[in-house]
Amino acid sequence: MDNLALKELLYKIADDQLILGHRNSEWTGMGPLLEEDIAFSSMAQDKIGQSHALYSILHELGEQDPDTIAFTRNAEQFHNCILTELPNGEYDFSLMRHFFYDTAEIIRFDMLTVSSYKPLAELAVKVRAELRYHTLHANTWIKQLGNATEESIARLQRSLDHALPYALGIFEESPYEKQLIADGIFEGEVALMENWKNRVEEIIEQTQLHLPGWSTLNPVYGGRSGKHSEHLQPLLDEMSEVFKIDPGAEW
Amino acid sequence: MNSLDPRVNRLPQVGQPEHVEPKAPLDQFGTFEVFVQPKEGKPFQHEGIVHAPNLEMAFVLAKEAFTRRFQCVSLYVVDTRNVYVSAMTEGNQSVFELIHDTPEQPGEKESYEIFFLTKRGKQHIHIGSVTAATPGEALTLTAKDYKTDKIIYNVWAIRTNDIRFTKPEEQELWLTLPEKKFRDASAYKAGDKLKDFLEKVNN
Amino acid sequence: MYGGGNTFEGIKTDSLAQEDPVKLAEFETRIERGEKIEPTDWMPQLYRKQLIRMIEQHAHSEIIGALPEGTWITRAPGFKRKLSLMAKVQDEVGHAQLLYSAAETLGKSREEMINDLITGKSKYSNIFNYPAFTWADSCFISWLVDAGAIVNQLANAKGSYGPYCRALDRICAEESFHLKYGHHCVIYLATGTEKQRQMFQEALNRWWPPMMHFFGPSDKISAHTEVLMKWKVKMSSNDDMRNQFLDMYVPKIWELGFTIPDPLLKKNTDTGRWEYTEPDWQEFKRVINGDGPCNKERLEVRRVAEERGRWVREALKTPKATYVTPLA
């Protein structure tokens, strides 16, 4: 088994969770309803916790400790897809991103429960359980707002159109794709994406929203190889602001 | 807005500054009563309410509002309007002394979930179910089927079909709850650090 | 938990003359026996009004209090601090949710309460009208503002109104880690580098005066609330709570080698009471009436949050819905 392939896989999933967890946490205290504020915060906590668990596996594999990995790298060292780093926008965008992303993640972790790399397979069972709530939450909201008023449908449609090319960026292939598949670590981004498209169609069909033809879309790639939008570095600066006051200190 | 809070600086301008559009009635929706089962084998108990637009959303929102912190294995919710409430008693008077005997009612029988309040100031606990045609009949049957020496101060009856239960495949929603140690006071031990510090200062 | 320093208006007890004397006597005997009052029970108008006011202020304090700490979530140093702070601030929003519900059982809808908050008609804990400049400020809030609130809330949990007591019991249980987390953070600053110690000392200097205001005006000048004490709405006097807080936390602050910015602060060993420089009650009044460093921003953020969420709520409003008072 080649660690480079495995590490690349772990880094990109962990970075996704870390960055989206931070974005979602920005809604704390500002959500559209008190109850929803609480729910969104829980999912943000889950994501941060999941990234920590993945960085811990990386640490076992010889990488630096989770705090160092998470809070001292620069944007070009991050492997998250660009979808996760985009600013929150209005609630419709945050919700649509959450729907696209978590639909992909529950399938990904479902696949990883049978990974030949045991620590990841064991973790995947737990992560999948948490994602069960995330997708229940996302599907419920999308179905409701996607069938409600003219305004809510129009807002969701705009966000869907905007987010979809970025969402396809989740599945940007790694240079190690064949190896991961051959070693039984992960079934690969193509298999994941096909599954994801079906699942997304299944939910969107139950709404008054429309999916553009998949072939008409240009996926936004780059994130997986460290080429990010202008939004990531300022977020990373914010995340490390306190650390940087006194780098030798324990907080 | 020029704020110390970076999130606030990112907020868009909405409407006229300082102009406040008052909330219309039902802006926060109606309410749903939330019941939680803390452990396998323990009865469900009433925990509180959530505001939500409908039953399904109430379930989704209640999950984090009421079961993110303490042990939980199952959850259900019901529209507040679908809870039939008996009179409330106090002192040594049991509520069953006030429930008139409702004769058997015509119509289709349905299952009702029954909840007892055994101590004023505490929460209602699920006690079992009865099959009746009306809520009144359900209370009468409860008095017979769940006879007890304890004083019951208040009874709730809810049609089983009005409840959004946890589905079997949703049971795993609480799988990792016990691992979220950052929500436990026991995760914050700094006694040794403090002791070392004090020793250094006092020497 | 953020309650504390509730402001009560002067009570005109002559309004009680309109209440049914038999029912009033029964109500008071029940409270004396230590029984809880439930939403469907008879209660004097004054009791209902004052409770709504108090619980609502408490709820507003939670939701506004989530702002100065919430700003530190993205910046919290490291996984451990970040997860704790996220869960803590989330709890505060949850407490607002619980407290609004308790107040609703008394007949005021959540819509009305939020309206009164964002128009500035209702108050919230004055301490949140001050800014959190550094990470150390957020640690001060997590440890000492929460500690102050716990003093207040543990007392109120023994009050007479069932739904409020149940909400507070739950809140106190959820809180158990907040104070520990805050203390843990401050111990790390105190035992850390010179820069970290200085950060906390500066935060302490900034927050001490509002902390002394937190429990409300001194008993000498505050409104008379005897009837509220008798009805177990208000459970302890402002000065008693302040004294209890000082008793519990001043030694812990001193233990860490920090200086509290009040040269007169000391415990009188004869009376067992703390002595301190009289807090500036003019400043307290000025800030609570809107002229503090952050009043404007706090309310504006709430207004913007409500405004941005409006389309979501309007979309899901069902025409057939009707509001009934929640049960308990």
# chains A, B, ... in the order shown; residues from 1 in each chain; ligands from 1
>>> interface_residues(of="chain B", to="chain A", cutoff="6 Å", atoms="only C-alpha atoms", output="number ranges by chain")
B: 61, 64, 172-173
>>> interface_residues(of="chain B", to="chain C", cutoff="8 Å", atoms="only C-alpha atoms", output="mmCIF file with N, CA and C atoms, in the first residue's frame")
data_model
loop_
_atom_site.group_PDB
_atom_site.id
_atom_site.type_symbol
_atom_site.label_atom_id
_atom_site.label_comp_id
_atom_site.auth_asym_id
_atom_site.auth_seq_id
_atom_site.Cartn_x
_atom_site.Cartn_y
_atom_site.Cartn_z
ATOM 1 N N MET B 1 -21.072 47.879 8.190
ATOM 2 C CA MET B 1 -20.876 48.001 9.635
ATOM 3 C C MET B 1 -19.398 47.818 9.955
ATOM 4 N N SER B 3 -17.068 46.631 12.532
ATOM 5 C CA SER B 3 -17.170 45.891 13.783
ATOM 6 C C SER B 3 -15.879 45.170 14.093
ATOM 7 N N LEU B 4 -15.707 44.793 15.363
ATOM 8 C CA LEU B 4 -14.589 43.939 15.758
ATOM 9 C C LEU B 4 -14.845 42.510 15.306
ATOM 10 N N ASP B 5 -16.084 42.223 14.958
ATOM 11 C CA ASP B 5 -16.488 40.873 14.593
ATOM 12 C C ASP B 5 -16.364 40.702 13.078
ATOM 13 N N PRO B 6 -15.412 39.878 12.623
ATOM 14 C CA PRO B 6 -15.255 39.729 11.168
ATOM 15 C C PRO B 6 -16.524 39.229 10.490
ATOM 16 N N ARG B 7 -17.311 38.433 11.207
ATOM 17 C CA ARG B 7 -18.559 37.940 10.599
ATOM 18 C C ARG B 7 -19.507 39.093 10.345
ATOM 19 N N VAL B 8 -19.527 40.029 11.292
ATOM 20 C CA VAL B 8 -20.441 41.164 11.158
ATOM 21 C C VAL B 8 -20.011 42.047 9.993
ATOM 22 N N GLN B 13 -25.845 44.614 3.855
ATOM 23 C CA GLN B 13 -26.818 45.598 4.333
ATOM 24 C C GLN B 13 -28.199 45.063 3.999
ATOM 25 N N VAL B 14 -29.080 45.081 4.952
ATOM 26 C CA VAL B 14 -30.427 44.607 4.655
ATOM 27 C C VAL B 14 -31.415 45.700 5.020
ATOM 28 N N GLY B 15 -32.218 46.101 4.060
ATOM 29 C CA GLY B 15 -33.256 47.092 4.329
ATOM 30 C C GLY B 15 -32.659 48.415 4.767
ATOM 31 N N PRO B 17 -31.208 50.896 7.395
ATOM 32 C CA PRO B 17 -30.659 50.767 8.737
ATOM 33 C C PRO B 17 -31.640 51.346 9.752
ATOM 34 N N GLU B 18 -31.758 50.679 10.852
ATOM 35 C CA GLU B 18 -32.614 51.126 11.955
ATOM 36 C C GLU B 18 -34.104 50.983 11.662
ATOM 37 N N VAL B 20 -37.213 48.851 11.437
ATOM 38 C CA VAL B 20 -37.559 47.524 11.915
ATOM 39 C C VAL B 20 -38.941 47.134 11.428
ATOM 40 N N PRO B 22 -41.849 44.887 11.952
ATOM 41 C CA PRO B 22 -42.260 43.983 13.036
ATOM 42 C C PRO B 22 -42.682 42.618 12.499
ATOM 43 N N LYS B 23 -42.511 41.620 13.303
ATOM 44 C CA LYS B 23 -42.883 40.268 12.893
ATOM 45 C C LYS B 23 -44.392 40.124 12.878
ATOM 46 N N ALA B 24 -44.876 39.457 11.840
ATOM 47 C CA ALA B 24 -46.298 39.157 11.793
ATOM 48 C C ALA B 24 -46.556 37.934 12.669
ATOM 49 N N PRO B 25 -47.827 37.735 13.081
ATOM 50 C CA PRO B 25 -48.137 36.512 13.829
ATOM 51 C C PRO B 25 -47.693 35.293 13.023
ATOM 52 N N LEU B 26 -47.251 34.270 13.707
ATOM 53 C CA LEU B 26 -46.822 32.998 13.093
ATOM 54 C C LEU B 26 -45.533 33.103 12.291
ATOM 55 N N ASP B 27 -44.849 34.232 12.383
ATOM 56 C CA ASP B 27 -43.514 34.335 11.780
ATOM 57 C C ASP B 27 -42.613 33.226 12.334
ATOM 58 N N GLN B 28 -42.834 32.877 13.586
ATOM 59 C CA GLN B 28 -42.030 31.825 14.226
ATOM 60 C C GLN B 28 -42.764 30.476 14.208
ATOM 61 N N PHE B 29 -43.817 30.399 13.435
ATOM 62 C CA PHE B 29 -44.580 29.154 13.255
ATOM 63 C C PHE B 29 -45.317 28.728 14.538
ATOM 64 N N GLY B 30 -45.968 27.575 14.439
ATOM 65 C CA GLY B 30 -46.614 26.995 15.607
ATOM 66 C C GLY B 30 -45.611 26.166 16.396
ATOM 67 N N THR B 31 -46.105 25.512 17.452
ATOM 68 C CA THR B 31 -45.181 24.754 18.302
ATOM 69 C C THR B 31 -45.481 23.260 18.264
ATOM 70 N N PHE B 32 -44.445 22.494 18.547
ATOM 71 C CA PHE B 32 -44.527 21.032 18.597
ATOM 72 C C PHE B 32 -43.913 20.561 19.909
ATOM 73 N N GLU B 33 -44.573 19.586 20.530
ATOM 74 C CA GLU B 33 -44.074 19.071 21.797
ATOM 75 C C GLU B 33 -43.062 17.961 21.520
ATOM 76 N N GLY B 48 -39.862 19.497 26.070
ATOM 77 C CA GLY B 48 -40.076 20.914 25.777
ATOM 78 C C GLY B 48 -40.709 21.072 24.414
ATOM 79 N N ILE B 49 -40.519 22.247 23.814
ATOM 80 C CA ILE B 49 -41.146 22.501 22.522
ATOM 81 C C ILE B 49 -40.129 23.002 21.508
ATOM 82 N N VAL B 50 -40.456 22.811 20.252
ATOM 83 C CA VAL B 50 -39.759 23.539 19.184
ATOM 84 C C VAL B 50 -40.795 24.291 18.358
ATOM 85 N N PRO B 53 -42.366 24.740 11.068
ATOM 86 C CA PRO B 53 -43.468 24.904 10.118
ATOM 87 C C PRO B 53 -44.338 23.657 9.968
ATOM 88 N N ALA B 65 -32.066 20.427 18.969
ATOM 89 C CA ALA B 65 -32.458 21.308 20.076
ATOM 90 C C ALA B 65 -32.531 20.526 21.392
ATOM 91 N N ARG B 69 -27.165 16.970 23.812
ATOM 92 C CA ARG B 69 -26.339 17.037 25.004
ATOM 93 C C ARG B 69 -26.330 15.781 25.863
ATOM 94 N N THR B 80 -48.547 20.662 19.065
ATOM 95 C CA THR B 80 -49.146 21.019 20.356
ATOM 96 C C THR B 80 -50.671 20.920 20.311
ATOM 97 N N ARG B 81 -51.251 21.249 19.155
ATOM 98 C CA ARG B 81 -52.720 21.241 19.044
ATOM 99 C C ARG B 81 -53.293 19.828 19.102
ATOM 100 N N MET B 88 -55.934 19.930 35.737
ATOM 101 C CA MET B 88 -54.744 19.838 36.591
ATOM 102 C C MET B 88 -55.217 19.842 38.041
ATOM 103 N N ARG B 120 -46.040 17.630 40.547
ATOM 104 C CA ARG B 120 -46.146 18.986 39.989
ATOM 105 C C ARG B 120 -44.763 19.599 39.902
ATOM 106 N N GLY B 121 -44.495 20.268 38.798
ATOM 107 C CA GLY B 121 -43.182 20.883 38.612
ATOM 108 C C GLY B 121 -42.264 19.997 37.792
ATOM 109 N N LYS B 122 -42.649 18.705 37.635
ATOM 110 C CA LYS B 122 -41.814 17.806 36.820
ATOM 111 C C LYS B 122 -42.421 17.655 35.424
ATOM 112 N N PHE B 182 -16.236 16.950 24.384
ATOM 113 C CA PHE B 182 -16.066 18.391 24.611
ATOM 114 C C PHE B 182 -17.307 19.029 25.218
ATOM 115 N N ARG B 183 -18.392 18.260 25.320
ATOM 116 C CA ARG B 183 -19.581 18.799 25.982
ATOM 117 C C ARG B 183 -19.674 18.345 27.438
ATOM 118 N N ASP B 184 -18.626 17.670 27.929
ATOM 119 C CA ASP B 184 -18.621 17.211 29.330
ATOM 120 C C ASP B 184 -17.656 18.031 30.172
ATOM 121 N N ALA B 185 -18.095 18.360 31.372
ATOM 122 C CA ALA B 185 -17.221 19.111 32.277
ATOM 123 C C ALA B 185 -15.923 18.351 32.553
ATOM 124 N N SER B 186 -16.000 17.016 32.525
ATOM 125 C CA SER B 186 -14.825 16.213 32.872
ATOM 126 C C SER B 186 -13.681 16.356 31.863
ATOM 127 N N TYR B 188 -12.283 19.050 31.076
ATOM 128 C CA TYR B 188 -11.542 20.294 31.315
ATOM 129 C C TYR B 188 -10.766 20.255 32.622
ATOM 130 N N LYS B 189 -9.850 19.339 32.698
ATOM 131 C CA LYS B 189 -9.040 19.239 33.918
ATOM 132 C C LYS B 189 -7.750 20.027 33.730
ATOM 133 N N ALA B 190 -7.502 20.969 34.628
ATOM 134 C CA ALA B 190 -6.262 21.737 34.528
ATOM 135 C C ALA B 190 -5.599 21.819 35.899
ATOM 136 N N LYS B 193 -1.717 21.640 35.969
ATOM 137 C CA LYS B 193 -1.104 22.855 35.442
ATOM 138 C C LYS B 193 -1.132 23.963 36.502
ATOM 139 N N LEU B 194 -2.277 24.060 37.160
ATOM 140 C CA LEU B 194 -2.453 25.081 38.186
ATOM 141 C C LEU B 194 -1.507 24.815 39.358
ATOM 142 N N PHE B 197 2.029 25.700 38.577
ATOM 143 C CA PHE B 197 2.144 27.158 38.528
ATOM 144 C C PHE B 197 2.242 27.736 39.951
ATOM 145 N N LEU B 198 1.361 27.268 40.831
ATOM 146 C CA LEU B 198 1.338 27.805 42.191
ATOM 147 C C LEU B 198 2.625 27.460 42.927
#
>>> closest_atom_pairs(of="chain A", to="chain C", cutoff="7 Å", atoms="only C-alpha atoms", output="tab-separated table")
residue	atom	partner	partner_atom	distance
A:His22	CA	C:Thr74	CA	6.1
A:Thr28	CA	C:Gly70	CA	6.6
A:Gly29	CA	C:Ala66	CA	6.0
A:Met30	CA	C:Ala305	CA	5.1
A:Gly31	CA	C:Ala305	CA	6.7
A:Pro32	CA	C:Gly309	CA	3.9
A:Leu34	CA	C:Gln97	CA	6.3
A:Ile38	CA	C:Gln90	CA	5.8
A:Ser41	CA	C:Gln90	CA	6.4
A:Gln45	CA	C:Leu83	CA	6.2
A:Asp67	CA	C:Gly78	CA	5.5
A:Leu145	CA	C:Ala315	CA	6.6
A:Ala148	CA	C:Ala315	CA	5.4
A:Thr149	CA	C:Ala315	CA	5.2
A:Ser152	CA	C:Ala315	CA	6.1
A:Glu238	CA	C:Arg75	CA	5.6
A:Met239	CA	C:Arg75	CA	4.5
A:Ser240	CA	C:Arg75	CA	6.4
A:Glu241	CA	C:Arg75	CA	6.1
A:Val242	CA	C:Pro77	CA	5.7
A:Phe243	CA	C:Pro77	CA	5.6
A:Ala249	CA	C:Thr193	CA	6.3
A:Glu250	CA	C:Gly192	CA	6.7
A:Trp251	CA	C:Tyr188	CA	5.9
>>> atom_distance(atom1="CA of Gly226 in chain A", atom2="CA of Cys81 in chain A")
8.9 Å
>>> atom_distance(atom1="CA of Val151 in chain C", atom2="CA of Lys234 in chain C")
12.8 Å
>>> residues_around(residues="Phe171 in chain A", least_positions_apart="6", cutoff="12 Å", atoms="only C-alpha atoms", output="PyMOL selection string")
chain A and resi 9+12-13+16+80-83+100-101+104-105+108+164-165+177+188-197+219-224
>>> write_last_selection(atoms="N, CA and C atoms", output="CSV table (one decimal), in the first residue's frame")
chain,number,residue,atom,x,y,z
A,9,LEU,N,-5.8,11.2,-0.2
A,9,LEU,CA,-7.2,11.0,0.1
A,9,LEU,C,-7.7,11.6,1.4
A,12,LYS,N,-7.6,15.5,1.5
A,12,LYS,CA,-8.7,16.3,0.8
A,12,LYS,C,-10.0,16.2,1.5
A,13,ILE,N,-10.3,15.0,2.1
A,13,ILE,CA,-11.6,14.9,2.8
A,13,ILE,C,-11.5,15.7,4.1
A,16,ASP,N,-11.8,19.5,3.3
A,16,ASP,CA,-13.2,19.8,3.0
A,16,ASP,C,-14.0,20.0,4.3
A,80,ASN,N,-8.9,21.1,-0.1
A,80,ASN,CA,-10.3,21.2,-0.2
A,80,ASN,C,-10.8,21.6,-1.5
A,81,CYS,N,-12.0,21.2,-1.9
A,81,CYS,CA,-12.6,21.7,-3.1
A,81,CYS,C,-13.1,23.1,-2.9
A,82,ILE,N,-13.2,23.8,-4.0
A,82,ILE,CA,-13.5,25.3,-3.9
A,82,ILE,C,-14.9,25.5,-3.3
A,83,LEU,N,-15.8,24.6,-3.6
A,83,LEU,CA,-17.1,24.7,-3.1
A,83,LEU,C,-17.2,25.0,-1.6
A,100,PHE,N,-25.6,19.6,-1.6
A,100,PHE,CA,-24.7,19.0,-2.6
A,100,PHE,C,-23.5,18.3,-1.9
A,101,TYR,N,-22.9,19.0,-0.9
A,101,TYR,CA,-21.7,18.4,-0.3
A,101,TYR,C,-22.0,17.2,0.6
A,104,ALA,N,-22.8,14.0,-1.3
A,104,ALA,CA,-21.6,13.4,-1.7
A,104,ALA,C,-20.9,12.7,-0.6
A,105,GLU,N,-20.8,13.3,0.6
A,105,GLU,CA,-20.1,12.8,1.7
A,105,GLU,C,-20.7,11.5,2.3
A,108,ARG,N,-19.6,8.9,0.0
A,108,ARG,CA,-18.2,8.6,0.1
A,108,ARG,C,-17.9,7.8,1.4
A,164,LEU,N,-23.6,24.4,-8.6
A,164,LEU,CA,-23.4,23.1,-9.2
A,164,LEU,C,-22.1,22.9,-9.9
A,165,PRO,N,-21.5,23.9,-10.6
A,165,PRO,CA,-20.2,23.6,-11.2
A,165,PRO,C,-19.1,23.4,-10.1
A,177,GLU,N,-5.8,8.0,-8.3
A,177,GLU,CA,-7.1,7.3,-8.4
A,177,GLU,C,-7.0,5.8,-8.6
A,188,GLY,N,-13.2,5.4,-5.7
A,188,GLY,CA,-12.8,6.4,-6.7
A,188,GLY,C,-13.9,7.4,-6.9
A,189,GLU,N,-13.4,8.6,-7.4
A,189,GLU,CA,-14.3,9.8,-7.6
A,189,GLU,C,-15.4,9.6,-8.6
A,190,VAL,N,-15.1,8.8,-9.7
A,190,VAL,CA,-16.0,8.6,-10.8
A,190,VAL,C,-17.2,7.8,-10.3
A,191,ALA,N,-17.0,6.8,-9.6
A,191,ALA,CA,-18.1,5.9,-9.0
A,191,ALA,C,-18.9,6.8,-8.0
A,192,LEU,N,-18.2,7.6,-7.2
A,192,LEU,CA,-18.8,8.4,-6.2
A,192,LEU,C,-19.8,9.4,-7.0
A,193,MET,N,-19.2,10.0,-8.0
A,193,MET,CA,-20.0,11.1,-8.7
A,193,MET,C,-21.3,10.5,-9.4
A,194,GLU,N,-21.1,9.3,-9.9
A,194,GLU,CA,-22.3,8.7,-10.6
A,194,GLU,C,-23.4,8.5,-9.6
A,195,ASN,N,-23.0,7.9,-8.5
A,195,ASN,CA,-24.0,7.7,-7.4
A,195,ASN,C,-24.6,9.0,-6.9
A,196,TRP,N,-23.8,10.0,-6.8
A,196,TRP,CA,-24.2,11.3,-6.3
A,196,TRP,C,-25.2,12.0,-7.2
A,197,LYS,N,-24.9,11.9,-8.5
A,197,LYS,CA,-25.9,12.5,-9.5
A,197,LYS,C,-27.3,11.8,-9.3
A,219,PRO,N,-17.2,21.8,-14.7
A,219,PRO,CA,-16.8,21.6,-13.3
A,219,PRO,C,-15.7,22.6,-13.0
A,220,VAL,N,-15.7,23.2,-11.7
A,220,VAL,CA,-14.7,24.1,-11.3
A,220,VAL,C,-13.6,23.2,-10.5
A,221,TYR,N,-12.5,23.0,-11.1
A,221,TYR,CA,-11.5,22.2,-10.5
A,221,TYR,C,-10.4,23.1,-9.9
A,222,GLY,N,-9.4,22.5,-9.3
A,222,GLY,CA,-8.3,23.3,-8.9
A,222,GLY,C,-8.0,23.1,-7.4
A,223,GLY,N,-9.1,23.0,-6.6
A,223,GLY,CA,-9.0,23.0,-5.1
A,223,GLY,C,-8.1,21.8,-4.7
A,224,ARG,N,-8.3,20.6,-5.3
A,224,ARG,CA,-7.6,19.4,-4.9
A,224,ARG,C,-6.1,19.5,-5.1
>>> residues_around(residues="Ser115 in chain A", least_positions_apart="5", cutoff="10 Å", atoms="only C-alpha atoms", output="VMD selection string")
chain A and resid 109 to 110 120 to 122 124 180 to 181 183 to 187
>>> closest_residue(among="A:Leu232, A:Leu54, A:Ala182, A:Ala75", to="Ser116 in chain A", atoms="only C-alpha atoms")
A:Ala182
>>> closest_residue(among="C:Tyr124, C:Ser142, C:Pro210, C:Met241", to="Ala155 in chain C", atoms="only C-alpha atoms")
C:Met241
>>> residues_around(residues="Arg164 in chain B", least_positions_apart="5", cutoff="7 Å", atoms="only C-alpha atoms", output="number ranges by chain")
B: 55, 59, 76-78
>>> atom_distance(atom1="CA of Thr207 in chain A", atom2="CA of Ala52 in chain B")
19.9 Å
>>> select_by_dssp(residues="range 170-271 of chain C", states="alpha helix (DSSP H)", output="ChimeraX atom specification")
/C:170-190,194-213,226-230,238-255
>>> write_last_selection(atoms="C-alpha atoms", output="short mmCIF file (atom, residue, chain, number, x, y, z; two decimals), in the first residue's frame")
data_model
loop_
_atom_site.label_atom_id
_atom_site.label_comp_id
_atom_site.auth_asym_id
_atom_site.auth_seq_id
_atom_site.Cartn_x
_atom_site.Cartn_y
_atom_site.Cartn_z
CA ARG C 170 -31.92 21.95 31.95
CA ILE C 171 -29.83 25.04 31.35
CA CYS C 172 -27.81 24.47 34.54
CA ALA C 173 -27.14 20.85 33.54
CA GLU C 174 -26.03 21.90 30.05
CA GLU C 175 -23.92 24.63 31.57
CA SER C 176 -21.84 22.31 33.65
CA PHE C 177 -19.02 22.39 31.12
CA HIS C 178 -19.12 26.10 30.26
CA LEU C 179 -17.62 27.38 33.46
CA LYS C 180 -15.00 24.61 33.49
CA TYR C 181 -14.10 25.42 29.91
CA GLY C 182 -13.75 29.12 30.72
CA HIS C 183 -11.61 28.47 33.77
CA HIS C 184 -9.49 26.02 31.77
CA CYS C 185 -8.85 28.68 29.11
CA VAL C 186 -7.88 31.25 31.73
CA ILE C 187 -5.54 28.84 33.53
CA TYR C 188 -3.75 28.30 30.21
CA LEU C 189 -3.40 32.06 29.73
CA ALA C 190 -2.27 32.58 33.33
CA GLU C 194 4.10 36.77 29.32
CA LYS C 195 2.03 37.87 26.36
CA GLN C 196 -0.82 35.54 27.30
CA ARG C 197 -0.84 36.74 30.90
CA GLN C 198 -0.90 40.31 29.74
CA MET C 199 -3.81 39.58 27.41
CA PHE C 200 -5.90 38.30 30.26
CA GLN C 201 -4.90 41.10 32.65
CA GLU C 202 -6.05 43.60 30.05
CA ALA C 203 -9.31 41.77 29.54
CA LEU C 204 -9.85 41.74 33.30
CA ASN C 205 -9.23 45.49 33.47
CA ARG C 206 -11.80 46.06 30.73
CA TRP C 207 -14.48 43.73 32.02
CA TRP C 208 -14.35 44.29 35.76
CA PRO C 209 -16.56 47.39 35.87
CA PRO C 210 -19.31 45.83 33.71
CA MET C 211 -18.98 42.63 35.76
CA MET C 212 -19.71 44.60 38.92
CA HIS C 213 -22.73 46.11 37.17
CA GLU C 226 -40.46 42.61 48.28
CA VAL C 227 -43.58 41.19 46.70
CA LEU C 228 -41.50 39.52 43.98
CA MET C 229 -39.31 37.96 46.64
CA LYS C 230 -42.41 36.71 48.47
CA ASN C 238 -28.61 42.22 43.85
CA ASP C 239 -26.04 42.90 46.55
CA ASP C 240 -26.30 39.38 47.95
CA MET C 241 -25.64 37.89 44.54
CA ARG C 242 -22.73 40.24 43.92
CA ASN C 243 -21.28 39.30 47.28
CA GLN C 244 -21.66 35.60 46.58
CA PHE C 245 -19.92 36.00 43.22
CA LEU C 246 -17.01 37.90 44.76
CA ASP C 247 -16.74 35.32 47.49
CA MET C 248 -16.45 32.48 45.03
CA TYR C 249 -14.31 34.01 42.29
CA VAL C 250 -12.08 36.79 43.63
CA PRO C 251 -9.82 34.24 45.39
CA LYS C 252 -9.60 32.21 42.17
CA ILE C 253 -8.58 35.29 40.15
CA TRP C 254 -6.02 36.29 42.76
CA GLU C 255 -4.70 32.74 42.90
#
>>> residues_around(residues="Leu217 in chain A", least_positions_apart="2", cutoff="12 Å", atoms="only C-alpha atoms", output="short mmCIF file (atom, residue, chain, number, x, y, z; two decimals) with C-alpha atoms, in the first residue's frame")
data_model
loop_
_atom_site.label_atom_id
_atom_site.label_comp_id
_atom_site.auth_asym_id
_atom_site.auth_seq_id
_atom_site.Cartn_x
_atom_site.Cartn_y
_atom_site.Cartn_z
CA ASP A 161 -27.14 27.08 -10.73
CA HIS A 162 -24.31 28.90 -9.01
CA ALA A 163 -23.15 26.03 -6.79
CA LEU A 164 -23.44 23.12 -9.19
CA PRO A 165 -20.20 23.63 -11.20
CA TYR A 166 -18.36 23.98 -7.89
CA ALA A 167 -20.10 20.88 -6.55
CA LEU A 168 -18.74 18.90 -9.48
CA GLY A 169 -15.32 20.06 -8.28
CA LEU A 211 -31.14 20.51 -12.81
CA PRO A 212 -29.31 21.59 -15.96
CA GLY A 213 -28.06 18.75 -18.16
CA TRP A 214 -24.91 17.32 -16.63
CA SER A 215 -23.07 17.55 -19.94
CA PRO A 219 -16.79 21.64 -13.31
CA VAL A 220 -14.66 24.07 -11.29
#
>>> residues_around(residues="Ser94 in chain B", least_positions_apart="3", cutoff="8 Å", atoms="only C-alpha atoms", output="PyMOL selection string")
chain B and resi 89-90+97-98+151-153
>>> closest_residue(among="A:Glu202, A:Leu6, A:Thr103, A:Asn74", to="Ile57 in chain A", atoms="only C-alpha atoms")
A:Leu6
